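K.L.:
coords.csv is the file, holding CSV, C-alpha atoms:
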```csv
chain,number,residue,atom,x,y,z
A,1,MET,CA,-5.5,-11.4,-3.7
A,2,ILE,CA,-3.1,-8.7,-4.6
A,3,HIS,CA,-3.9,-5.1,-3.8
A,4,PHE,CA,-2.1,-2.3,-5.6
A,5,PRO,CA,-1.6,1.3,-4.3
A,6,ALA,CA,-4.8,3.4,-4.8
A,7,GLN,CA,-4.8,5.7,-7.7
A,8,ARG,CA,-7.0,8.8,-7.2
A,9,ARG,CA,-10.6,7.8,-6.8
A,10,GLY,CA,-11.7,4.2,-6.5
A,11,PRO,CA,-14.1,2.4,-8.8
A,12,LEU,CA,-16.8,2.2,-6.1
A,13,SER,CA,-16.6,6.0,-5.6
A,14,ALA,CA,-16.9,6.6,-9.3
A,15,LEU,CA,-19.9,4.3,-9.6
A,16,SER,CA,-21.6,6.0,-6.7
A,17,LEU,CA,-21.1,9.5,-8.2
A,18,ARG,CA,-22.5,8.3,-11.6
A,19,LEU,CA,-25.5,6.6,-9.9
A,20,LEU,CA,-26.3,9.8,-8.0
A,21,ALA,CA,-26.0,11.8,-11.2
A,22,ALA,CA,-28.4,9.4,-13.0
A,23,LEU,CA,-30.9,9.5,-10.2
A,24,GLY,CA,-30.7,13.3,-10.2
A,25,LEU,CA,-31.6,13.4,-13.9
A,26,VAL,CA,-34.6,11.1,-13.3
A,27,PHE,CA,-35.9,13.3,-10.5
A,28,ALA,CA,-35.3,16.5,-12.5
A,29,VAL,CA,-37.3,15.1,-15.4
A,30,VAL,CA,-40.1,13.9,-13.0
A,31,ALA,CA,-40.4,17.3,-11.5
A,32,VAL,CA,-40.6,19.0,-14.9
A,33,VAL,CA,-43.2,16.6,-16.3
A,34,TYR,CA,-45.3,16.6,-13.2
A,35,LEU,CA,-45.4,20.5,-13.1
A,36,ASP,CA,-46.6,20.4,-16.7
A,37,ARG,CA,-48.7,17.3,-16.4
A,38,ASP,CA,-51.7,19.0,-18.1
A,39,GLY,CA,-49.8,19.2,-21.3
A,40,TYR,CA,-49.4,15.4,-21.6
A,41,ARG,CA,-51.9,12.9,-23.0
A,42,ASP,CA,-52.3,9.5,-21.3
A,43,VAL,CA,-54.0,6.6,-23.2
A,44,ASN,CA,-56.3,6.2,-20.1
A,45,GLU,CA,-57.2,9.8,-20.4
A,46,ASP,CA,-57.3,10.2,-16.6
A,47,GLY,CA,-54.4,12.6,-16.3
A,48,LEU,CA,-50.9,12.1,-15.0
A,49,THR,CA,-50.2,11.2,-11.5
A,50,LEU,CA,-46.8,11.5,-9.8
A,51,LEU,CA,-46.3,7.8,-10.5
A,52,ASP,CA,-47.1,8.4,-14.1
A,53,SER,CA,-44.5,11.1,-14.2
A,54,PHE,CA,-41.9,8.7,-12.8
A,55,TYR,CA,-42.9,6.1,-15.4
A,56,TYR,CA,-42.6,8.6,-18.2
A,57,ALA,CA,-39.3,9.9,-17.0
A,58,VAL,CA,-37.8,6.4,-16.8
A,59,VAL,CA,-39.0,5.1,-20.2
A,60,SER,CA,-38.0,8.3,-21.9
A,61,LEU,CA,-34.5,8.5,-20.5
A,62,SER,CA,-33.9,4.8,-21.2
A,63,THR,CA,-35.2,5.4,-24.8
A,64,THR,CA,-37.8,2.7,-24.4
A,65,GLY,CA,-40.7,4.9,-25.3
A,66,TYR,CA,-43.9,2.9,-25.2
A,67,GLY,CA,-46.0,5.8,-26.4
A,68,ASP,CA,-48.7,5.4,-23.9
A,69,ILE,CA,-47.9,8.9,-22.4
A,70,THR,CA,-47.0,11.6,-25.0
A,71,PRO,CA,-46.6,15.4,-24.9
A,72,ALA,CA,-49.6,16.9,-26.5
A,73,ALA,CA,-49.5,20.6,-25.6
A,74,PRO,CA,-46.9,22.9,-27.3
A,75,SER,CA,-45.3,23.7,-23.9
A,76,ALA,CA,-44.8,20.0,-23.1
A,77,ARG,CA,-43.3,19.4,-26.5
A,78,LEU,CA,-41.0,22.4,-26.1
A,79,VAL,CA,-39.9,21.0,-22.7
A,80,ASN,CA,-39.1,17.6,-24.4
A,81,VAL,CA,-37.0,19.3,-27.0
A,82,LEU,CA,-35.1,21.6,-24.7
A,83,PHE,CA,-34.8,19.5,-21.5
A,84,VAL,CA,-35.9,15.8,-21.8
A,85,THR,CA,-34.0,15.0,-24.9
A,86,PRO,CA,-30.7,16.4,-23.7
A,87,ALA,CA,-31.3,14.7,-20.4
A,88,ARG,CA,-31.8,11.4,-22.3
A,89,VAL,CA,-28.5,11.8,-24.1
A,90,LEU,CA,-26.7,12.7,-20.8
A,91,PHE,CA,-28.4,9.7,-19.1
A,92,LEU,CA,-27.1,7.3,-21.8
A,93,ILE,CA,-23.6,8.9,-21.5
A,94,ILE,CA,-23.6,8.2,-17.8
A,95,LEU,CA,-24.6,4.6,-18.2
A,96,VAL,CA,-22.2,3.9,-21.1
A,97,GLY,CA,-19.4,5.8,-19.3
A,98,THR,CA,-19.9,3.8,-16.1
A,99,THR,CA,-19.6,0.5,-18.1
A,100,LEU,CA,-16.5,1.7,-19.9
A,101,GLU,CA,-14.9,2.9,-16.7
A,102,VAL,CA,-15.5,-0.5,-15.0
A,103,LEU,CA,-14.1,-2.4,-17.9
A,104,THR,CA,-11.2,0.0,-18.2
A,105,GLU,CA,-10.4,-0.3,-14.5
A,106,GLN,CA,-10.4,-4.1,-14.8
A,107,TYR,CA,-8.2,-4.0,-17.8
A,108,ARG,CA,-5.7,-1.6,-16.0
A,109,THR,CA,-5.7,-3.8,-12.9
A,110,GLY,CA,-4.9,-6.8,-15.1
A,111,ARG,CA,-2.1,-5.0,-16.9
A,112,ARG,CA,-0.6,-3.8,-13.6
A,113,LEU,CA,-0.8,-7.3,-12.2
A,114,SER,CA,0.9,-8.8,-15.2
A,115,ARG,CA,3.6,-6.2,-15.3
A,116,TRP,CA,4.2,-6.4,-11.5
A,117,ARG,CA,4.6,-10.2,-11.7
A,118,ARG,CA,7.0,-9.8,-14.6
A,119,ILE,CA,9.4,-7.3,-13.0
A,120,VAL,CA,9.2,-8.0,-9.2
A,121,LYS,CA,12.6,-9.2,-8.0
A,122,ASP,CA,15.0,-8.5,-5.2
A,123,HIS,CA,12.2,-7.1,-3.1
A,124,VAL,CA,11.5,-7.1,0.6
A,125,ILE,CA,8.5,-8.9,1.9
A,126,ILE,CA,6.9,-7.5,5.1
A,127,CYS,CA,4.8,-10.1,6.9
A,128,GLY,CA,2.4,-8.1,9.1
A,129,TYR,CA,1.6,-4.4,8.8
A,130,GLY,CA,1.1,-3.5,12.4
A,131,THR,CA,3.2,-1.2,14.4
A,132,LYS,CA,6.4,-3.2,13.8
A,133,GLY,CA,5.7,-3.7,10.2
A,134,ARG,CA,5.0,0.0,9.5
A,135,SER,CA,8.2,1.0,11.4
A,136,ALA,CA,10.2,-1.5,9.3
A,137,VAL,CA,8.8,0.0,6.1
A,138,SER,CA,9.7,3.5,7.3
A,139,ALA,CA,13.2,2.4,8.0
A,140,LEU,CA,13.6,0.8,4.6
A,141,LEU,CA,12.3,3.9,2.8
A,142,GLU,CA,14.6,6.1,4.9
A,143,ASN,CA,17.6,4.0,3.8
A,144,GLY,CA,16.7,4.6,0.1
A,145,LEU,CA,14.8,1.5,-0.8
A,146,ASP,CA,12.2,2.2,-3.5
A,147,ARG,CA,8.6,1.9,-2.5
A,148,SER,CA,8.0,-0.5,-5.4
A,149,LYS,CA,10.5,-2.9,-3.9
A,150,ILE,CA,8.3,-3.5,-0.8
A,151,VAL,CA,5.5,-6.0,-0.7
A,152,VAL,CA,3.2,-6.3,2.4
A,153,VAL,CA,1.5,-9.6,3.3
A,154,GLU,CA,-1.4,-9.0,5.6
A,155,ARG,CA,-4.8,-10.5,6.3
A,156,SER,CA,-6.4,-7.5,8.1
A,157,GLY,CA,-8.6,-5.3,5.9
A,158,PRO,CA,-7.8,-2.0,7.7
A,159,ALA,CA,-4.0,-2.8,7.6
A,160,LEU,CA,-4.3,-3.6,3.9
A,161,ARG,CA,-5.9,-0.3,3.2
A,162,GLN,CA,-3.2,1.5,5.2
A,163,ALA,CA,-0.5,-0.3,3.1
A,164,THR,CA,-2.0,0.6,-0.2
A,165,SER,CA,-2.7,4.1,0.9
A,166,ALA,CA,1.1,4.3,1.7
A,167,GLY,CA,1.8,3.4,-1.9
A,168,LEU,CA,2.7,-0.2,-1.3
A,169,VAL,CA,1.7,-3.4,-3.0
A,170,ALA,CA,-0.2,-5.7,-0.5
A,171,ILE,CA,-1.0,-9.4,-0.6
A,172,GLU,CA,-4.2,-10.3,1.2
A,173,GLY,CA,-3.8,-13.5,3.2
A,174,SER,CA,-1.9,-15.2,6.0
A,175,ALA,CA,1.9,-15.3,5.6
A,176,THR,CA,1.8,-18.8,7.1
A,177,ARG,CA,0.3,-20.2,3.9
A,178,SER,CA,2.7,-21.1,1.1
A,179,SER,CA,0.2,-20.0,-1.6
A,180,VAL,CA,0.1,-16.5,-0.2
A,181,LEU,CA,3.9,-16.3,-0.1
A,182,GLU,CA,4.1,-17.6,-3.7
A,183,GLU,CA,1.8,-14.7,-4.7
A,184,ALA,CA,4.4,-12.4,-3.1
A,185,HIS,CA,7.1,-14.1,-5.3
A,186,ILE,CA,9.0,-15.3,-2.2
A,187,ARG,CA,11.6,-17.2,-4.3
A,188,THR,CA,12.9,-14.0,-6.0
A,189,ALA,CA,12.8,-11.8,-2.9
A,190,LYS,CA,15.8,-10.3,-1.3
A,191,SER,CA,14.7,-10.7,2.3
A,192,VAL,CA,11.6,-11.3,4.5
A,193,ILE,CA,10.8,-9.3,7.6
A,194,ILE,CA,8.4,-11.2,9.9
A,195,ALA,CA,6.5,-8.7,12.1
A,196,THR,CA,3.4,-10.6,13.1
A,197,ASP,CA,1.5,-10.1,16.3
A,198,SER,CA,2.3,-13.5,17.9
A,199,ASP,CA,5.5,-15.5,18.3
A,200,ASP,CA,3.7,-18.7,17.2
A,201,ALA,CA,2.8,-17.1,13.9
A,202,SER,CA,6.3,-15.9,13.5
A,203,VAL,CA,7.7,-19.4,13.9
A,204,LEU,CA,5.2,-20.8,11.3
A,205,VAL,CA,6.1,-18.0,8.8
A,206,ALA,CA,9.8,-18.6,9.2
A,207,LEU,CA,9.3,-22.4,8.7
A,208,THR,CA,7.2,-21.7,5.6
A,209,VAL,CA,9.7,-19.3,4.1
A,210,ARG,CA,12.6,-21.6,4.7
A,211,GLN,CA,10.7,-24.5,3.1
A,212,LEU,CA,9.9,-22.5,0.0
A,213,THR,CA,13.3,-20.9,-0.5
A,214,ALA,CA,15.7,-23.5,0.9
A,215,GLY,CA,17.3,-20.9,3.1
A,216,GLN,CA,18.3,-18.7,0.1
A,217,VAL,CA,16.3,-15.7,1.3
A,218,ARG,CA,17.3,-13.8,4.4
A,219,ILE,CA,14.8,-13.9,7.2
A,220,ILE,CA,14.6,-11.2,9.9
A,221,ALA,CA,12.0,-11.8,12.6
A,222,ALA,CA,10.7,-10.0,15.7
A,223,VAL,CA,9.5,-11.9,18.8
A,224,ARG,CA,8.0,-10.7,22.0
A,225,GLU,CA,9.6,-13.2,24.4
A,226,ALA,CA,13.4,-13.9,24.5
A,227,GLU,CA,12.7,-17.7,25.1
A,228,ASN,CA,11.2,-18.0,21.6
A,229,ALA,CA,14.3,-16.5,19.9
A,230,PRO,CA,16.2,-19.8,19.7
A,231,LEU,CA,13.1,-21.5,18.3
A,232,LEU,CA,12.9,-18.9,15.5
A,233,LYS,CA,16.5,-19.3,14.6
A,234,GLN,CA,16.0,-23.1,14.4
A,235,SER,CA,13.0,-22.4,12.2
A,236,GLY,CA,15.3,-20.6,9.7
A,237,ALA,CA,15.4,-16.9,10.8
A,238,HIS,CA,18.9,-15.4,10.2
A,239,HIS,CA,18.3,-12.5,12.7
A,240,VAL,CA,15.9,-12.3,15.6
A,241,ILE,CA,15.0,-9.2,17.4
A,242,VAL,CA,13.4,-9.5,20.9
A,243,SER,CA,11.0,-6.6,21.2
A,244,SER,CA,10.1,-7.1,24.8
A,245,ALA,CA,13.7,-7.4,26.0
A,246,THR,CA,14.7,-4.3,24.0
A,247,ALA,CA,11.9,-2.3,25.5
A,248,GLY,CA,12.8,-3.6,29.0
A,249,ARG,CA,16.4,-2.5,28.6
A,250,LEU,CA,15.3,0.9,27.5
A,251,LEU,CA,13.0,1.2,30.5
A,252,GLY,CA,15.8,0.2,32.8
A,253,LEU,CA,18.1,2.8,31.2
A,254,SER,CA,15.5,5.5,31.7
A,255,THR,CA,15.9,5.2,35.4
A,256,SER,CA,19.6,4.6,35.8
A,257,ALA,CA,20.9,6.7,32.9
A,258,PRO,CA,18.2,8.9,31.5
A,259,PRO,CA,20.4,10.7,28.9
A,260,LEU,CA,21.1,7.4,27.2
A,261,ILE,CA,17.5,7.2,26.3
A,262,ASP,CA,17.7,10.5,24.5
A,263,VAL,CA,20.7,9.2,22.6
A,264,VAL,CA,18.9,6.0,21.6
A,265,GLU,CA,15.8,7.9,20.5
A,266,ASP,CA,18.0,10.3,18.5
A,267,LEU,CA,19.6,7.4,16.7
A,268,LEU,CA,16.3,5.7,15.9
A,269,THR,CA,14.3,8.8,15.0
A,270,PRO,CA,14.9,10.0,11.4
A,271,GLY,CA,15.9,13.5,10.8
A,272,GLN,CA,16.4,14.4,14.4
A,273,GLY,CA,20.2,14.5,14.7
A,274,MET,CA,22.2,11.2,14.6
A,275,ALA,CA,21.5,8.1,12.7
A,276,LEU,CA,23.1,4.7,12.3
A,277,ALA,CA,24.3,4.0,8.8
A,278,MET,CA,26.4,1.5,6.9
A,279,ARG,CA,28.6,2.0,3.8
A,280,SER,CA,31.3,0.2,1.9
A,281,ALA,CA,34.9,1.1,2.8
A,282,GLU,CA,36.5,3.4,0.2
A,283,ARG,CA,39.8,2.5,-1.5
A,284,ASP,CA,41.8,5.2,0.4
A,285,GLU,CA,40.4,3.9,3.7
A,286,VAL,CA,41.7,0.4,3.3
A,287,GLY,CA,44.7,-0.3,5.6
A,288,ARG,CA,43.8,2.6,8.0
A,289,PRO,CA,42.5,2.2,11.5
A,290,PRO,CA,38.8,2.9,11.6
A,291,ARG,CA,39.1,5.2,14.6
A,292,GLU,CA,41.2,7.6,12.4
A,293,LEU,CA,38.4,8.3,9.9
A,294,GLU,CA,36.4,11.5,9.8
A,295,SER,CA,33.2,9.6,10.3
A,296,LEU,CA,32.5,8.0,13.6
A,297,VAL,CA,32.9,4.3,12.9
A,298,ILE,CA,31.5,2.0,15.7
A,299,ALA,CA,31.9,-1.4,14.1
A,300,LEU,CA,33.0,-3.3,10.9
A,301,VAL,CA,31.1,-5.9,9.0
A,302,ARG,CA,33.5,-8.4,7.5
A,303,ARG,CA,32.4,-11.3,5.4
A,304,GLY,CA,28.9,-11.0,6.9
A,305,LYS,CA,30.0,-10.9,10.6
A,306,VAL,CA,30.1,-7.9,12.9
A,307,VAL,CA,33.6,-7.0,14.2
A,308,THR,CA,33.7,-4.6,17.1
A,309,LEU,CA,36.5,-2.0,17.3
A,310,ASN,CA,37.7,-3.7,20.5
A,311,ASP,CA,38.6,-6.8,18.5
A,312,ARG,CA,42.1,-7.1,17.2
A,313,ALA,CA,40.8,-8.0,13.8
A,314,ALA,CA,39.4,-4.4,13.6
A,315,ALA,CA,42.8,-2.8,13.9
A,316,VAL,CA,42.8,-1.8,10.2
A,317,ILE,CA,40.1,-1.7,7.5
A,318,GLU,CA,40.3,-4.5,4.9
A,319,THR,CA,39.1,-4.6,1.3
A,320,GLY,CA,35.4,-5.5,1.2
A,321,ASP,CA,34.6,-4.3,4.8
A,322,MET,CA,31.4,-2.5,5.5
A,323,LEU,CA,31.6,0.4,8.0
A,324,VAL,CA,28.9,0.9,10.6
A,325,HIS,CA,29.0,4.6,11.5
A,326,VAL,CA,27.0,7.4,13.0
A,327,ARG,CA,26.0,10.1,10.5
A,328,ASP,CA,24.5,13.5,10.9
A,329,ASP,CA,20.8,13.0,9.9
A,330,ARG,CA,19.6,16.6,10.4
A,331,PRO,CA,17.8,18.0,7.3
A,332,GLN,CA,20.2,21.0,7.0
A,333,ALA,CA,23.1,18.6,7.1
A,334,ALA,CA,21.7,16.5,4.3
A,335,THR,CA,21.0,19.7,2.2
A,336,SER,CA,24.6,21.0,2.7
A,337,ALA,CA,26.0,17.6,1.8
A,338,HIS,CA,24.3,17.9,-1.6
```
Take the structure in the file and give it back as structure tokens.
P.N.:
Amino acid sequence: MIHFPAQRRGPLSALSLRLLAALGLVFAVVAVVYLDRDGYRDVNEDGLTLLDSFYYAVVSLSTTGYGDITPAAPSARLVNVLFVTPARVLFLIILVGTTLEVLTEQYRTGRRLSRWRRIVKDHVIICGYGTKGRSAVSALLENGLDRSKIVVVERSGPALRQATSAGLVAIEGSATRSSVLEEAHIRTAKSVIIATDSDDASVLVALTVRQLTAGQVRIIAAVREAENAPLLKQSGAHHVIVSSATAGRLLGLSTSAPPLIDVVEDLLTPGQGMALAMRSAERDEVGRPPRELESLVIALVRRGKVVTLNDRAAAVIETGDMLVHVRDDRPQAATSAH
């Protein structure tokens, strides 16, 4: 099942409000009729009870009108003209409006689904919307990827609601199932980020993605244990990030070189100071040593492979190189750049 980002109030909330309004009208009519019960004539001629008042209110508002209870006194007839009849019209408006809203919502959802299936392409699929998945989405958005180009695959209800609340399209189901990935249009995706809670599930997802796409879609996966990284690469993952090993290294650095932790956090936290970025080499930069550029270049990406500055191949920048550099990510710096 495909879940789209929530738009204002949900259908269930709208239905609840309309139901409460309808019940409020019924109770209001019951109160008015019961207070003026002596002005009404019953075919049994035994007077109106509270139950009779409820009965009269319901059949009157629903326009059924059996005629077994009728207003006889002038005051009761006046109340019917000034209150019961407008309440009847309002009651019908609520019922018809609710039906129209439900049908309209279904129509809109169908239209959105058809349009989304028609235009979705070159998107990024996030398998798992836990801590790692949410962080991956944040990084993609910070790097300029449009929110509509991100599709979340998740089977947890709360996580699905978080994804749609964040303005993302979410597919309900397990990413290990090919039918679910087909719903996410895996064949036209740009890349797949596997951020599941277990390494076993990550391997199964990678195998399923590779089988469906024949290796044409880039797969980036996260694993907890380093020993599972080779297995994931054999399963089709192009890049594997070992979360436990990375956390362990940071813990070690926090004791031996505490300032390095601040630098790493600065690089990974958006808007705090420094940030890692990548851009294409400009024409006037080709042929120049990367260390001579104004921006702090720390590596080159040449034909899909990372070339460190210590490598002789990185002596000069070549046409088509991507520059990995450290940029100033402070808000005031971004403002002044514009």
K.L.:
Which polymer residues have any atom within 8 Å of an atom of A:Gly47, counting only C-alpha atoms, with same-chain residues fewer than 4 positions away left out, as a PDB file with C-alpha atoms, in the coordinates of the input?
P.N.:
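So part.pdb came out as:
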```pdb
ATOM      1  CA  ARG A  37     -48.700  17.300 -16.400  1.00  0.00           C
ATOM      2  CA  ASP A  38     -51.700  19.000 -18.100  1.00  0.00           C
ATOM      3  CA  TYR A  40     -49.400  15.400 -21.600  1.00  0.00           C
ATOM      4  CA  ARG A  41     -51.900  12.900 -23.000  1.00  0.00           C
ATOM      5  CA  ASP A  42     -52.300   9.500 -21.300  1.00  0.00           C
TER       6      ASP A  42
END
```
K.L.:
Just the number, please: distance in Å from atom CA of A:Arg303 to atom CA of A:Val324, one decimal.
P.N.:
13.7 Å
K.L.:
Could you jot down the atom CA of A:Val180 to atom CA of A:Trp116 separation for me, Å, one decimal place?
P.N.:
15.7 Å
K.L.:
Can you list, as a PDB file with C-alpha atoms, keeping the file's coordinate frame, every protein, DNA or RNA residue that comes within 12 Å of A:Ala184 when you count only C-alpha atoms, leaving out same-chain residues fewer than 6 positions away?
P.N.:
```pdb
ATOM      1  CA  MET A   1      -5.500 -11.400  -3.700  1.00  0.00           C
ATOM      2  CA  ILE A   2      -3.100  -8.700  -4.600  1.00  0.00           C
ATOM      3  CA  HIS A   3      -3.900  -5.100  -3.800  1.00  0.00           C
ATOM      4  CA  LEU A 113      -0.800  -7.300 -12.200  1.00  0.00           C
ATOM      5  CA  TRP A 116       4.200  -6.400 -11.500  1.00  0.00           C
ATOM      6  CA  ARG A 117       4.600 -10.200 -11.700  1.00  0.00           C
ATOM      7  CA  VAL A 120       9.200  -8.000  -9.200  1.00  0.00           C
ATOM      8  CA  LYS A 121      12.600  -9.200  -8.000  1.00  0.00           C
ATOM      9  CA  ASP A 122      15.000  -8.500  -5.200  1.00  0.00           C
ATOM     10  CA  HIS A 123      12.200  -7.100  -3.100  1.00  0.00           C
ATOM     11  CA  VAL A 124      11.500  -7.100   0.600  1.00  0.00           C
ATOM     12  CA  ILE A 125       8.500  -8.900   1.900  1.00  0.00           C
ATOM     13  CA  ILE A 126       6.900  -7.500   5.100  1.00  0.00           C
ATOM     14  CA  CYS A 127       4.800 -10.100   6.900  1.00  0.00           C
ATOM     15  CA  LYS A 149      10.500  -2.900  -3.900  1.00  0.00           C
ATOM     16  CA  ILE A 150       8.300  -3.500  -0.800  1.00  0.00           C
ATOM     17  CA  VAL A 151       5.500  -6.000  -0.700  1.00  0.00           C
ATOM     18  CA  VAL A 152       3.200  -6.300   2.400  1.00  0.00           C
ATOM     19  CA  VAL A 153       1.500  -9.600   3.300  1.00  0.00           C
ATOM     20  CA  GLU A 154      -1.400  -9.000   5.600  1.00  0.00           C
ATOM     21  CA  VAL A 169       1.700  -3.400  -3.000  1.00  0.00           C
ATOM     22  CA  ALA A 170      -0.200  -5.700  -0.500  1.00  0.00           C
ATOM     23  CA  ILE A 171      -1.000  -9.400  -0.600  1.00  0.00           C
ATOM     24  CA  GLU A 172      -4.200 -10.300   1.200  1.00  0.00           C
ATOM     25  CA  GLY A 173      -3.800 -13.500   3.200  1.00  0.00           C
ATOM     26  CA  SER A 174      -1.900 -15.200   6.000  1.00  0.00           C
ATOM     27  CA  ALA A 175       1.900 -15.300   5.600  1.00  0.00           C
ATOM     28  CA  ARG A 177       0.300 -20.200   3.900  1.00  0.00           C
ATOM     29  CA  SER A 178       2.700 -21.100   1.100  1.00  0.00           C
ATOM     30  CA  LYS A 190      15.800 -10.300  -1.300  1.00  0.00           C
ATOM     31  CA  SER A 191      14.700 -10.700   2.300  1.00  0.00           C
ATOM     32  CA  VAL A 192      11.600 -11.300   4.500  1.00  0.00           C
ATOM     33  CA  VAL A 209       9.700 -19.300   4.100  1.00  0.00           C
ATOM     34  CA  LEU A 212       9.900 -22.500   0.000  1.00  0.00           C
TER      35      LEU A 212
END
```
K.L.:
Suppose you want the space between atom CA of A:Ala139 and atom CA of A:Ala189; what is it in Å?
P.N.:
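Here the two named atoms are 17.9 Å from each other.
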